[in-house]
$ cat my_file26.cif   # mmCIF, C-alpha atoms and all ligand atoms
data_protein
loop_
_atom_site.label_atom_id
_atom_site.label_comp_id
_atom_site.auth_asym_id
_atom_site.auth_seq_id
_atom_site.Cartn_x
_atom_site.Cartn_y
_atom_site.Cartn_z
CA MET B 282 65.46 97.38 129.68
CA ALA B 283 66.03 93.79 130.85
CA CYS B 284 69.70 94.15 129.85
CA GLY B 285 70.19 97.02 132.34
CA GLU B 286 70.33 99.89 129.84
CA TYR B 287 67.99 102.81 130.24
CA GLY B 288 67.01 105.89 128.28
CA GLU B 289 64.12 107.36 126.37
CA GLY B 290 62.09 104.84 124.45
CA LYS B 291 58.76 104.31 122.81
CA MET B 292 56.61 101.26 122.67
CA THR B 293 54.32 100.40 119.73
CA GLU B 294 50.71 101.23 120.65
CA PRO B 295 49.00 98.23 122.34
CA ASN B 296 46.25 98.35 119.70
CA GLU B 297 48.86 97.95 116.95
CA ILE B 298 50.44 95.00 118.76
CA ILE B 299 47.06 93.27 119.10
CA LYS B 300 46.32 93.86 115.40
CA GLU B 301 49.66 92.26 114.45
CA ILE B 302 49.05 89.25 116.72
CA LEU B 303 45.54 88.72 115.35
CA SER B 304 46.69 88.96 111.74
CA TYR B 305 49.57 86.54 112.46
CA PHE B 306 47.27 83.87 113.91
CA ASN B 307 44.50 84.47 111.35
CA ASN B 308 47.00 83.93 108.53
CA LYS B 309 48.31 80.83 110.25
CA SER B 310 44.92 79.20 110.48
CA LYS B 311 43.91 80.39 107.01
CA ASN B 312 46.94 78.88 105.30
CA ASN B 313 47.50 75.77 107.34
CA LYS B 314 46.02 73.49 104.73
CA LEU B 315 48.43 74.79 102.11
CA LYS B 316 51.69 73.08 101.21
CA ALA B 317 54.88 74.76 100.04
CA LEU B 318 58.12 73.36 98.66
CA VAL B 319 61.35 75.34 98.38
CA THR B 320 64.65 74.30 96.78
CA ALA B 321 67.72 76.20 97.95
CA GLY B 322 71.50 76.33 97.90
CA PRO B 323 73.94 74.99 95.33
CA THR B 324 74.20 71.45 93.96
CA ARG B 325 77.52 69.60 93.72
CA GLU B 326 78.51 67.52 90.74
CA TYR B 327 81.27 65.10 91.64
CA ILE B 328 84.37 64.58 89.50
CA ASP B 329 85.72 61.87 91.82
CA PRO B 330 85.02 61.05 95.52
CA VAL B 331 86.86 64.17 96.75
CA ARG B 332 86.30 66.77 94.02
CA PHE B 333 83.27 68.45 92.64
CA ILE B 334 82.08 71.44 90.63
CA THR B 335 79.42 73.69 92.05
CA ASN B 336 77.67 77.05 91.80
CA LYS B 337 77.95 80.08 94.04
CA SER B 338 74.97 80.21 96.40
CA SER B 339 74.60 80.77 100.15
CA GLY B 340 71.03 79.47 100.28
CA LYS B 341 70.02 82.47 102.44
CA GLN B 342 67.17 83.68 100.23
CA GLY B 343 65.64 80.21 99.85
CA TYR B 344 65.86 79.49 103.58
CA ALA B 345 64.23 82.84 104.35
CA ILE B 346 61.36 81.99 101.99
CA ALA B 347 60.87 78.58 103.65
CA ARG B 348 60.86 80.27 107.09
CA SER B 349 58.28 82.79 105.93
CA PHE B 350 56.01 80.03 104.54
CA ARG B 351 56.25 78.29 107.93
CA ASP B 352 55.45 81.53 109.78
CA ASN B 353 52.37 81.91 107.63
CA GLY B 354 51.03 78.46 108.43
CA PHE B 355 52.15 76.53 105.33
CA GLU B 356 53.24 72.90 105.66
CA THR B 357 56.71 73.53 104.26
CA THR B 358 59.43 71.31 102.78
CA LEU B 359 62.93 72.67 102.17
CA ILE B 360 65.20 70.69 99.85
CA SER B 361 68.69 72.06 100.21
CA GLY B 362 72.13 71.57 98.74
CA GLU B 363 75.19 72.02 100.99
CA THR B 364 75.13 75.39 102.79
CA ASN B 365 76.37 76.80 106.10
CA LEU B 366 72.79 77.28 107.29
CA SER B 367 70.95 75.19 109.87
CA PRO B 368 67.68 73.38 109.27
CA ILE B 369 64.60 75.40 110.28
CA ASN B 370 62.33 74.31 113.13
CA GLY B 371 58.93 73.32 111.87
CA VAL B 372 60.10 72.86 108.27
CA LYS B 373 60.63 69.40 106.77
CA PHE B 374 64.30 69.49 105.84
CA ILE B 375 65.87 67.33 103.14
CA SER B 376 69.58 67.60 102.52
CA VAL B 377 70.90 66.72 99.05
CA LYS B 378 74.19 67.06 97.24
CA THR B 379 73.67 66.58 93.51
CA ALA B 380 71.07 67.88 91.07
CA GLU B 381 69.92 64.31 90.53
CA GLU B 382 69.21 63.91 94.28
CA MET B 383 67.43 67.28 94.34
CA PHE B 384 65.30 66.18 91.40
CA LYS B 385 64.33 62.86 93.05
CA GLU B 386 63.48 64.51 96.37
CA THR B 387 61.44 67.18 94.63
CA LEU B 388 59.33 64.52 92.93
CA ASN B 389 59.00 62.61 96.25
CA ASN B 390 57.58 65.72 97.91
CA LEU B 391 54.99 66.77 95.35
CA PRO B 392 52.17 67.66 95.01
CA VAL B 393 52.19 71.04 96.74
CA ASP B 394 50.22 74.27 96.27
CA VAL B 395 53.27 76.42 95.69
CA ALA B 396 56.87 75.58 94.79
CA VAL B 397 59.72 78.07 94.82
CA PHE B 398 62.83 76.90 92.99
CA SER B 399 65.56 79.11 94.37
CA ALA B 400 68.36 76.52 94.18
CA ALA B 401 71.44 77.20 92.07
CA VAL B 402 71.33 73.88 90.26
CA ALA B 403 74.46 72.96 88.32
CA ASP B 404 73.56 72.86 84.65
CA TYR B 405 76.03 70.02 83.99
CA LYS B 406 77.19 66.82 85.66
CA ILE B 407 80.39 64.92 84.98
CA LYS B 408 79.90 62.12 82.50
CA ASN B 409 83.25 60.46 83.14
CA PHE B 410 82.92 60.37 86.98
CA ASN B 411 85.77 58.41 88.56
CA ASP B 412 85.06 56.04 91.46
CA GLU B 413 88.61 56.53 92.68
CA LYS B 414 90.52 59.73 93.37
CA ILE B 415 92.06 60.93 90.11
CA LYS B 416 95.86 61.17 90.17
CA LYS B 417 97.53 64.34 89.01
CA VAL B 418 98.08 64.45 85.24
CA GLU B 419 99.25 67.17 82.87
CA ASN B 420 95.85 67.77 81.29
CA LEU B 421 92.60 66.40 82.62
CA ASN B 422 89.58 66.26 80.36
CA LEU B 423 86.16 66.33 81.93
CA ILE B 424 83.12 65.49 79.87
CA LEU B 425 80.10 67.43 81.03
CA GLU B 426 76.56 66.37 80.24
CA LYS B 427 73.40 68.36 80.82
CA ASN B 428 71.54 67.89 84.10
CA ILE B 429 67.80 67.59 84.14
CA ASP B 430 66.05 70.96 84.50
CA ILE B 431 64.06 70.35 87.70
CA ILE B 432 61.69 73.31 87.48
CA SER B 433 60.90 72.69 83.79
CA HIS B 434 60.15 69.04 84.44
CA VAL B 435 57.77 69.92 87.29
CA SER B 436 56.11 72.89 85.58
CA LYS B 437 55.38 70.90 82.44
CA HIS B 438 54.03 67.89 84.34
CA ASN B 439 50.27 67.44 83.94
CA GLU B 440 49.56 65.94 87.38
CA LEU B 441 52.40 67.25 89.53
CA ARG B 442 52.50 70.93 88.59
CA PRO B 443 51.90 73.12 91.66
CA LYS B 444 49.18 75.78 91.37
CA LEU B 445 51.94 78.33 91.61
CA THR B 446 55.40 77.51 90.21
CA ILE B 447 58.01 80.14 90.89
CA GLY B 448 61.52 80.20 89.50
CA PHE B 449 64.56 82.33 90.18
CA ALA B 450 66.88 83.86 87.63
CA ALA B 451 70.41 84.84 88.52
CA GLU B 452 71.63 87.15 85.79
CA THR B 453 74.74 89.22 85.19
CA ASN B 454 73.33 91.03 82.14
CA ASN B 455 70.09 91.56 80.20
CA LEU B 456 68.04 90.85 83.34
CA TYR B 457 64.76 91.84 81.71
CA GLU B 458 65.08 89.82 78.48
CA ASN B 459 66.61 86.75 80.13
CA SER B 460 63.96 86.66 82.86
CA LEU B 461 61.10 86.87 80.38
CA LYS B 462 62.72 84.09 78.35
CA LYS B 463 63.01 81.89 81.46
CA LEU B 464 59.42 82.67 82.45
CA GLU B 465 58.23 81.30 79.15
CA GLU B 466 60.70 78.48 78.52
CA LYS B 467 60.39 77.10 82.05
CA ASN B 468 56.59 77.48 82.02
CA CYS B 469 56.65 79.39 85.34
CA ASP B 470 53.97 81.58 86.86
CA TRP B 471 56.56 84.00 88.21
CA ILE B 472 60.30 84.51 87.81
CA ILE B 473 62.14 86.28 90.60
CA ALA B 474 65.25 87.81 89.13
CA ASN B 475 68.34 89.22 90.72
CA ASP B 476 71.33 90.92 89.23
CA VAL B 477 74.25 88.90 90.59
CA SER B 478 76.83 91.29 89.17
CA ASN B 479 75.79 93.80 91.86
CA LYS B 480 78.20 93.16 94.77
CA GLU B 481 75.93 94.87 97.32
CA ILE B 482 73.24 92.25 96.97
CA GLY B 483 72.83 88.58 96.22
CA PHE B 484 75.03 85.56 97.03
CA ASP B 485 76.55 85.88 100.51
CA SER B 486 74.92 89.21 101.32
CA ASP B 487 72.08 89.50 103.85
CA ASP B 488 70.30 91.92 101.50
CA ASN B 489 68.75 91.40 98.15
CA GLU B 490 66.95 93.40 95.47
CA VAL B 491 64.74 91.52 93.06
CA SER B 492 62.33 92.02 90.20
CA ILE B 493 59.31 89.78 89.91
CA PHE B 494 58.15 88.96 86.39
CA TYR B 495 54.58 87.70 86.15
CA LYS B 496 52.96 85.54 83.49
CA ASP B 497 50.62 88.38 82.46
CA ASN B 498 53.69 90.38 81.32
CA SER B 499 53.63 92.74 84.30
CA ASN B 500 56.60 93.08 86.61
CA GLU B 501 57.56 94.85 89.81
CA LYS B 502 60.74 95.64 91.67
CA LEU B 503 61.35 94.98 95.36
CA ASN B 504 63.99 97.49 96.39
CA LYS B 505 67.06 96.53 98.40
CA MET B 506 66.15 95.06 101.78
CA ASN B 507 67.01 92.18 104.08
CA LYS B 508 66.48 88.74 102.51
CA SER B 509 63.93 87.89 105.22
CA LEU B 510 61.87 90.96 104.25
CA ILE B 511 62.13 90.05 100.56
CA ALA B 512 60.91 86.58 101.57
CA SER B 513 57.87 87.93 103.42
CA GLU B 514 56.99 90.21 100.49
CA ILE B 515 57.12 87.18 98.16
CA VAL B 516 55.06 84.98 100.51
CA LYS B 517 52.52 87.79 100.99
CA ARG B 518 51.99 87.82 97.21
CA VAL B 519 51.74 84.02 97.12
CA ILE B 520 49.02 84.07 99.79
CA THR B 521 47.04 86.69 97.86
CA LYS B 522 47.32 84.60 94.71
CA LEU B 523 46.33 81.30 96.36
CA ASN B 524 43.37 82.61 98.38
N1 LIG B 601 66.80 75.23 87.60
C1 LIG B 601 66.39 73.92 87.83
N2 LIG B 601 67.12 72.88 87.34
C2 LIG B 601 68.24 73.11 86.61
C3 LIG B 601 68.67 74.43 86.37
C4 LIG B 601 67.92 75.48 86.89
O1 LIG B 601 65.35 73.70 88.47
N3 LIG B 601 68.93 72.08 86.15
C5 LIG B 601 65.97 76.33 88.10
C6 LIG B 601 66.61 77.19 89.16
O2 LIG B 601 66.37 76.69 90.46
C7 LIG B 601 65.92 78.53 88.92
C8 LIG B 601 65.69 78.56 87.41
O3 LIG B 601 65.74 77.20 87.01
O4 LIG B 601 64.65 78.59 89.53
C9 LIG B 601 66.68 79.38 86.64
O5 LIG B 601 67.99 78.97 86.94
P1 LIG B 601 69.23 79.65 86.23
O6 LIG B 601 70.49 78.97 86.69
O7 LIG B 601 69.14 81.15 86.35
O8 LIG B 601 68.91 79.31 84.72
P2 LIG B 601 69.39 78.21 83.74
O9 LIG B 601 68.22 77.45 83.24
O10 LIG B 601 70.48 77.39 84.35
O11 LIG B 601 69.90 79.09 82.52
P3 LIG B 601 71.32 79.85 82.32
O12 LIG B 601 72.33 79.19 83.24
O13 LIG B 601 71.59 79.62 80.88
O14 LIG B 601 71.06 81.29 82.65
#
$ encode --input "my_file26.cif" --output "structure tokens" --more "lines below"
Ligand code: CTP
Amino acid sequence: MACGEYGEGKMTEPNEIIKEILSYFNNKSKNNKLKALVTAGPTREYIDPVRFITNKSSGKQGYAIARSFRDNGFETTLISGETNLSPINGVKFISVKTAEEMFKETLNNLPVDVAVFSAAVADYKIKNFNDEKIKKVENLNLILEKNIDIISHVSKHNELRPKLTIGFAAETNNLYENSLKKLEEKNCDWIIANDVSNKEIGFDSDDNEVSIFYKDNSNEKLNKMNKSLIASEIVKRVITKLN
């Protein structure tokens, strides 16, 4: 080995390697006219200049999906809330903080062939936002008002709707019922659902386990695996659907 270690080893058969390389470049050229948009990470809703409410989300699954689109030749845009992850080479990266910014940037970057909305968008923003830092008081009342539902707006838009609109559902209970409800109410083609009460997967973990619910009422489960493998399984299905 280049690192100085030695021992018994086995290389993949040269024919297999060539097959992989050919399929990689064939996919690249086949899909390079297709456009993908991915939202990822959490949004922040500011209470005052130094405080905000947010959702739990590492952004890992969304970033992995954007990377997989890029690897498969898609012209890819990633719109991300604040995460610890770095932008991805070859992917147009747009950093946002609030749901409102994410909404505007999403509209600015449509139309696309496929959009995957994996972001954990805060459902509410603060109505009584304070321009100045709020001083400590005994009881502080925040008034929350509903944020726009980005995916619903896009999926119900006559001109802007991508051919394939894919939502995520983070559920702690009734995964099946809630996902089917979201599929219909958000007018999605697919909902990718994960059970966020399971500590072994989701959020900060590198692994995930998801169920995909399709518009035709079928569904399938992708068993626990690395988020990058989940991403390539999803993108593989997108390519089949779009071609
Ligand atoms: N979503 C969105 N805009 C919002 C809220 C959610 O685009 N304001 C998208 C998410 O990116 C995800 C899907 O909608 O693709 C489902 O998000 P989720 O938080 O699971 O659902 P909610 O609509 O917020 O419903 P609830 O919190 O009641 O489960």
$ atom_distance --input "my_file26.cif" --atom1 "atom CA of Glu413 of chain B" --atom2 "atom CA of Arg325 of chain B"
17.2 Å
$ closest_residue --input "my_file26.cif" --among "B:Ile520, B:Ile424, B:Ile473, B:Val372" --to "Leu503 of chain B" --atoms "all atoms listed in the file"
B:Ile473
$ residues_around --input "my_file26.cif" --residues "Asn524 of chain B" --least-positions-apart "2" --cutoff "9 Å" --atoms "only C-alpha atoms" --output "MDAnalysis selection string"
chainID B and resid 311:312 519:522
$ atom_distance --input "my_file26.cif" --atom1 "atom CA of Glu501 of chain B" --atom2 "atom CA of Gly448 of chain B"
15.2 Å
$ axis_aligned_box --input "my_file26.cif" --around "ligand LIG 601 (chain B)" --padding-each-side "8 Å" --output "lines of an AutoDock Vina configuration file"
center_x = 68.5
center_y = 76.7
center_z = 85.7
size_x = 23.7
size_y = 25.2
size_z = 25.6
$ atom_distance --input "my_file26.cif" --atom1 "atom CA of Lys316 of chain B" --atom2 "atom CA of Leu391 of chain B"
9.2 Å
$ residues_around --input "my_file26.cif" --residues "Tyr305 of chain B" --least-positions-apart "3" --cutoff "12 Å" --atoms "all atoms listed in the file" --output "number ranges by chain"
B: 298-302, 308-312, 349, 351-354, 517
$ closest_atom_pairs --input "my_file26.cif" --of "chain B" --to "ligand LIG 601 (chain B)" --cutoff "7 Å" --atoms "all atoms listed in the file" --output "tab-separated table"
residue	atom	partner	partner_atom	distance
B:Thr320	CA	B:LIG601	O2	7.0
B:Ala380	CA	B:LIG601	N3	6.8
B:Phe398	CA	B:LIG601	O4	4.3
B:Ser399	CA	B:LIG601	O2	4.7
B:Ala400	CA	B:LIG601	O2	4.2
B:Ala401	CA	B:LIG601	O2	5.3
B:Val402	CA	B:LIG601	C3	4.7
B:Ala403	CA	B:LIG601	N3	6.0
B:Asp404	CA	B:LIG601	N3	4.9
B:Asn428	CA	B:LIG601	N3	5.3
B:Ile429	CA	B:LIG601	N3	5.0
B:Asp430	CA	B:LIG601	N3	3.5
B:Ile431	CA	B:LIG601	O1	3.7
B:Ile432	CA	B:LIG601	O1	3.8
B:Ser433	CA	B:LIG601	O1	6.5
B:Ile447	CA	B:LIG601	O4	7.0
B:Gly448	CA	B:LIG601	O4	3.5
B:Phe449	CA	B:LIG601	O4	3.8
B:Ala450	CA	B:LIG601	O7	3.8
B:Ala451	CA	B:LIG601	O7	4.5
B:Glu452	CA	B:LIG601	O7	6.5
B:Lys463	CA	B:LIG601	C9	6.8
$ closest_atom_pairs --input "my_file26.cif" --of "segment 295-355 of chain B" --to "segment 478-498 of chain B" --cutoff "10 Å" --atoms "all atoms listed in the file" --output "tab-separated table"
residue	atom	partner	partner_atom	distance
B:Gly322	CA	B:Phe484	CA	9.9
B:Lys337	CA	B:Phe484	CA	6.9
B:Ser338	CA	B:Phe484	CA	5.4
B:Ser339	CA	B:Asp485	CA	5.5
B:Gly340	CA	B:Phe484	CA	8.0
B:Lys341	CA	B:Asp487	CA	7.5
B:Gln342	CA	B:Asn489	CA	8.1
$ closest_residue --input "my_file26.cif" --among "B:Thr324, B:Asn507, B:Leu523, B:Asn365" --to "Ala345 of chain B" --atoms "all atoms listed in the file"
B:Asn507
$ residues_around --input "my_file26.cif" --residues "Ile369 of chain B" --least-positions-apart "2" --cutoff "9 Å" --atoms "only C-alpha atoms" --output "short mmCIF file (atom, residue, chain, number, x, y, z; two decimals) with C-alpha atoms, in the coordinates of the input"
data_model
loop_
_atom_site.label_atom_id
_atom_site.label_comp_id
_atom_site.auth_asym_id
_atom_site.auth_seq_id
_atom_site.Cartn_x
_atom_site.Cartn_y
_atom_site.Cartn_z
CA TYR B 344 65.86 79.49 103.58
CA ALA B 347 60.87 78.58 103.65
CA ARG B 348 60.86 80.27 107.09
CA LEU B 359 62.93 72.67 102.17
CA LEU B 366 72.79 77.28 107.29
CA SER B 367 70.95 75.19 109.87
CA GLY B 371 58.93 73.32 111.87
CA VAL B 372 60.10 72.86 108.27
CA LYS B 373 60.63 69.40 106.77
CA PHE B 374 64.30 69.49 105.84
#
$ closest_residue --input "my_file26.cif" --among "B:Glu458, B:Glu356, B:Glu289, B:Glu465" --to "Asp394 of chain B" --atoms "only C-alpha atoms"
B:Glu356
$ decode --input "my_file26.cif" --residues "segment 290-412 of chain B" --atoms "C-alpha atoms" --output "PDB file, in the first residue's frame"
ATOM      1  CA  GLY B 290      -5.571  -7.953  -0.347  1.00  0.00           C
ATOM      2  CA  LYS B 291      -7.870  -8.204  -3.299  1.00  0.00           C
ATOM      3  CA  MET B 292      -8.540  -5.762  -6.040  1.00  0.00           C
ATOM      4  CA  THR B 293     -11.902  -5.420  -7.818  1.00  0.00           C
ATOM      5  CA  GLU B 294     -11.710  -7.110 -11.237  1.00  0.00           C
ATOM      6  CA  PRO B 295     -10.497  -4.639 -13.921  1.00  0.00           C
ATOM      7  CA  ASN B 296     -13.636  -5.368 -15.964  1.00  0.00           C
ATOM      8  CA  GLU B 297     -15.810  -4.307 -13.022  1.00  0.00           C
ATOM      9  CA  ILE B 298     -13.803  -1.096 -12.598  1.00  0.00           C
ATOM     10  CA  ILE B 299     -14.215  -0.237 -16.291  1.00  0.00           C
ATOM     11  CA  LYS B 300     -17.964  -0.917 -16.095  1.00  0.00           C
ATOM     12  CA  GLU B 301     -18.268   1.456 -13.111  1.00  0.00           C
ATOM     13  CA  ILE B 302     -16.266   4.184 -14.880  1.00  0.00           C
ATOM     14  CA  LEU B 303     -18.329   3.885 -18.059  1.00  0.00           C
ATOM     15  CA  SER B 304     -21.622   3.999 -16.171  1.00  0.00           C
ATOM     16  CA  TYR B 305     -20.410   7.026 -14.163  1.00  0.00           C
ATOM     17  CA  PHE B 306     -19.540   9.037 -17.284  1.00  0.00           C
ATOM     18  CA  ASN B 307     -22.594   7.834 -19.242  1.00  0.00           C
ATOM     19  CA  ASN B 308     -24.864   9.013 -16.423  1.00  0.00           C
ATOM     20  CA  LYS B 309     -23.013  12.306 -16.277  1.00  0.00           C
ATOM     21  CA  SER B 310     -23.520  13.064 -19.929  1.00  0.00           C
ATOM     22  CA  LYS B 311     -27.086  11.736 -19.895  1.00  0.00           C
ATOM     23  CA  ASN B 312     -28.190  13.964 -17.032  1.00  0.00           C
ATOM     24  CA  ASN B 313     -26.181  17.076 -17.663  1.00  0.00           C
ATOM     25  CA  LYS B 314     -29.106  18.982 -19.076  1.00  0.00           C
ATOM     26  CA  LEU B 315     -31.137  18.347 -15.942  1.00  0.00           C
ATOM     27  CA  LYS B 316     -31.412  20.812 -13.079  1.00  0.00           C
ATOM     28  CA  ALA B 317     -31.860  19.973  -9.408  1.00  0.00           C
ATOM     29  CA  LEU B 318     -32.598  22.130  -6.384  1.00  0.00           C
ATOM     30  CA  VAL B 319     -32.151  20.996  -2.784  1.00  0.00           C
ATOM     31  CA  THR B 320     -33.083  22.829   0.427  1.00  0.00           C
ATOM     32  CA  ALA B 321     -31.262  21.701   3.556  1.00  0.00           C
ATOM     33  CA  GLY B 322     -30.535  22.489   7.185  1.00  0.00           C
ATOM     34  CA  PRO B 323     -32.604  24.424   9.705  1.00  0.00           C
ATOM     35  CA  THR B 324     -33.993  27.940   9.383  1.00  0.00           C
ATOM     36  CA  ARG B 325     -33.614  30.539  12.143  1.00  0.00           C
ATOM     37  CA  GLU B 326     -36.396  32.854  13.194  1.00  0.00           C
ATOM     38  CA  TYR B 327     -35.035  35.853  15.048  1.00  0.00           C
ATOM     39  CA  ILE B 328     -36.515  37.142  18.301  1.00  0.00           C
ATOM     40  CA  ASP B 329     -34.062  40.049  18.462  1.00  0.00           C
ATOM     41  CA  PRO B 330     -30.601  40.606  16.850  1.00  0.00           C
ATOM     42  CA  VAL B 331     -28.933  37.998  19.091  1.00  0.00           C
ATOM     43  CA  ARG B 332     -31.633  35.395  19.741  1.00  0.00           C
ATOM     44  CA  PHE B 333     -33.549  33.064  17.548  1.00  0.00           C
ATOM     45  CA  ILE B 334     -35.665  29.908  17.546  1.00  0.00           C
ATOM     46  CA  THR B 335     -34.741  27.060  15.261  1.00  0.00           C
ATOM     47  CA  ASN B 336     -35.236  23.382  14.456  1.00  0.00           C
ATOM     48  CA  LYS B 337     -32.894  20.466  14.998  1.00  0.00           C
ATOM     49  CA  SER B 338     -31.183  19.577  11.709  1.00  0.00           C
ATOM     50  CA  SER B 339     -27.567  18.875  10.731  1.00  0.00           C
ATOM     51  CA  GLY B 340     -28.205  19.280   6.998  1.00  0.00           C
ATOM     52  CA  LYS B 341     -26.201  16.085   6.316  1.00  0.00           C
ATOM     53  CA  GLN B 342     -28.902  14.268   4.354  1.00  0.00           C
ATOM     54  CA  GLY B 343     -29.691  17.267   2.147  1.00  0.00           C
ATOM     55  CA  TYR B 344     -26.020  17.955   1.429  1.00  0.00           C
ATOM     56  CA  ALA B 345     -25.499  14.292   0.530  1.00  0.00           C
ATOM     57  CA  ILE B 346     -28.410  14.472  -1.918  1.00  0.00           C
ATOM     58  CA  ALA B 347     -26.991  17.633  -3.540  1.00  0.00           C
ATOM     59  CA  ARG B 348     -23.580  15.926  -3.849  1.00  0.00           C
ATOM     60  CA  SER B 349     -25.157  12.883  -5.458  1.00  0.00           C
ATOM     61  CA  PHE B 350     -27.056  15.040  -7.988  1.00  0.00           C
ATOM     62  CA  ARG B 351     -23.751  16.727  -8.873  1.00  0.00           C
ATOM     63  CA  ASP B 352     -22.003  13.354  -9.233  1.00  0.00           C
ATOM     64  CA  ASN B 353     -24.716  12.285 -11.631  1.00  0.00           C
ATOM     65  CA  GLY B 354     -24.312  15.296 -13.887  1.00  0.00           C
ATOM     66  CA  PHE B 355     -27.175  17.498 -12.655  1.00  0.00           C
ATOM     67  CA  GLU B 356     -26.750  21.270 -12.551  1.00  0.00           C
ATOM     68  CA  THR B 357     -27.395  21.526  -8.825  1.00  0.00           C
ATOM     69  CA  THR B 358     -28.364  24.356  -6.466  1.00  0.00           C
ATOM     70  CA  LEU B 359     -28.211  23.894  -2.703  1.00  0.00           C
ATOM     71  CA  ILE B 360     -30.083  26.402  -0.538  1.00  0.00           C
ATOM     72  CA  SER B 361     -28.983  25.903   3.021  1.00  0.00           C
ATOM     73  CA  GLY B 362     -29.739  27.239   6.469  1.00  0.00           C
ATOM     74  CA  GLU B 363     -26.898  27.498   9.019  1.00  0.00           C
ATOM     75  CA  THR B 364     -25.046  24.178   9.402  1.00  0.00           C
ATOM     76  CA  ASN B 365     -21.506  23.042  10.244  1.00  0.00           C
ATOM     77  CA  LEU B 366     -21.060  21.697   6.724  1.00  0.00           C
ATOM     78  CA  SER B 367     -18.964  23.228   3.947  1.00  0.00           C
ATOM     79  CA  PRO B 368     -20.275  24.209   0.529  1.00  0.00           C
ATOM     80  CA  ILE B 369     -19.849  21.490  -2.110  1.00  0.00           C
ATOM     81  CA  ASN B 370     -17.554  21.950  -5.110  1.00  0.00           C
ATOM     82  CA  GLY B 371     -19.509  22.115  -8.322  1.00  0.00           C
ATOM     83  CA  VAL B 372     -22.806  22.915  -6.584  1.00  0.00           C
ATOM     84  CA  LYS B 373     -24.276  26.431  -6.601  1.00  0.00           C
ATOM     85  CA  PHE B 374     -24.441  27.239  -2.903  1.00  0.00           C
ATOM     86  CA  ILE B 375     -26.830  29.764  -1.379  1.00  0.00           C
ATOM     87  CA  SER B 376     -26.679  30.408   2.330  1.00  0.00           C
ATOM     88  CA  VAL B 377     -29.827  31.641   4.084  1.00  0.00           C
ATOM     89  CA  LYS B 378     -30.928  32.144   7.658  1.00  0.00           C
ATOM     90  CA  THR B 379     -34.698  32.557   7.809  1.00  0.00           C
ATOM     91  CA  ALA B 380     -37.576  30.712   6.147  1.00  0.00           C
ATOM     92  CA  GLU B 381     -38.446  33.906   4.311  1.00  0.00           C
ATOM     93  CA  GLU B 382     -34.930  34.052   2.776  1.00  0.00           C
ATOM     94  CA  MET B 383     -35.127  30.361   1.885  1.00  0.00           C
ATOM     95  CA  PHE B 384     -38.475  30.965   0.195  1.00  0.00           C
ATOM     96  CA  LYS B 385     -37.160  33.924  -1.858  1.00  0.00           C
ATOM     97  CA  GLU B 386     -34.022  32.058  -2.946  1.00  0.00           C
ATOM     98  CA  THR B 387     -36.064  29.008  -3.882  1.00  0.00           C
ATOM     99  CA  LEU B 388     -38.238  31.116  -6.184  1.00  0.00           C
ATOM    100  CA  ASN B 389     -35.116  32.823  -7.630  1.00  0.00           C
ATOM    101  CA  ASN B 390     -33.673  29.431  -8.568  1.00  0.00           C
ATOM    102  CA  LEU B 391     -36.673  27.836 -10.259  1.00  0.00           C
ATOM    103  CA  PRO B 392     -37.552  26.304 -12.649  1.00  0.00           C
ATOM    104  CA  VAL B 393     -35.749  22.991 -12.179  1.00  0.00           C
ATOM    105  CA  ASP B 394     -36.505  19.399 -13.174  1.00  0.00           C
ATOM    106  CA  VAL B 395     -36.392  18.057  -9.645  1.00  0.00           C
ATOM    107  CA  ALA B 396     -36.566  19.751  -6.249  1.00  0.00           C
ATOM    108  CA  VAL B 397     -35.886  18.022  -2.953  1.00  0.00           C
ATOM    109  CA  PHE B 398     -37.080  19.943   0.089  1.00  0.00           C
ATOM    110  CA  SER B 399     -35.111  18.427   2.932  1.00  0.00           C
ATOM    111  CA  ALA B 400     -34.809  21.613   5.013  1.00  0.00           C
ATOM    112  CA  ALA B 401     -36.232  21.735   8.521  1.00  0.00           C
ATOM    113  CA  VAL B 402     -38.126  24.965   7.992  1.00  0.00           C
ATOM    114  CA  ALA B 403     -39.416  26.648  11.137  1.00  0.00           C
ATOM    115  CA  ASP B 404     -43.192  26.602  11.014  1.00  0.00           C
ATOM    116  CA  TYR B 405     -43.431  29.962  12.808  1.00  0.00           C
ATOM    117  CA  LYS B 406     -41.663  33.309  12.804  1.00  0.00           C
ATOM    118  CA  ILE B 407     -41.737  35.938  15.533  1.00  0.00           C
ATOM    119  CA  LYS B 408     -44.347  38.590  14.895  1.00  0.00           C
ATOM    120  CA  ASN B 409     -43.094  40.985  17.550  1.00  0.00           C
ATOM    121  CA  PHE B 410     -39.411  40.926  16.432  1.00  0.00           C
ATOM    122  CA  ASN B 411     -37.346  43.488  18.350  1.00  0.00           C
ATOM    123  CA  ASP B 412     -34.719  45.554  16.520  1.00  0.00           C
TER     124      ASP B 412
END
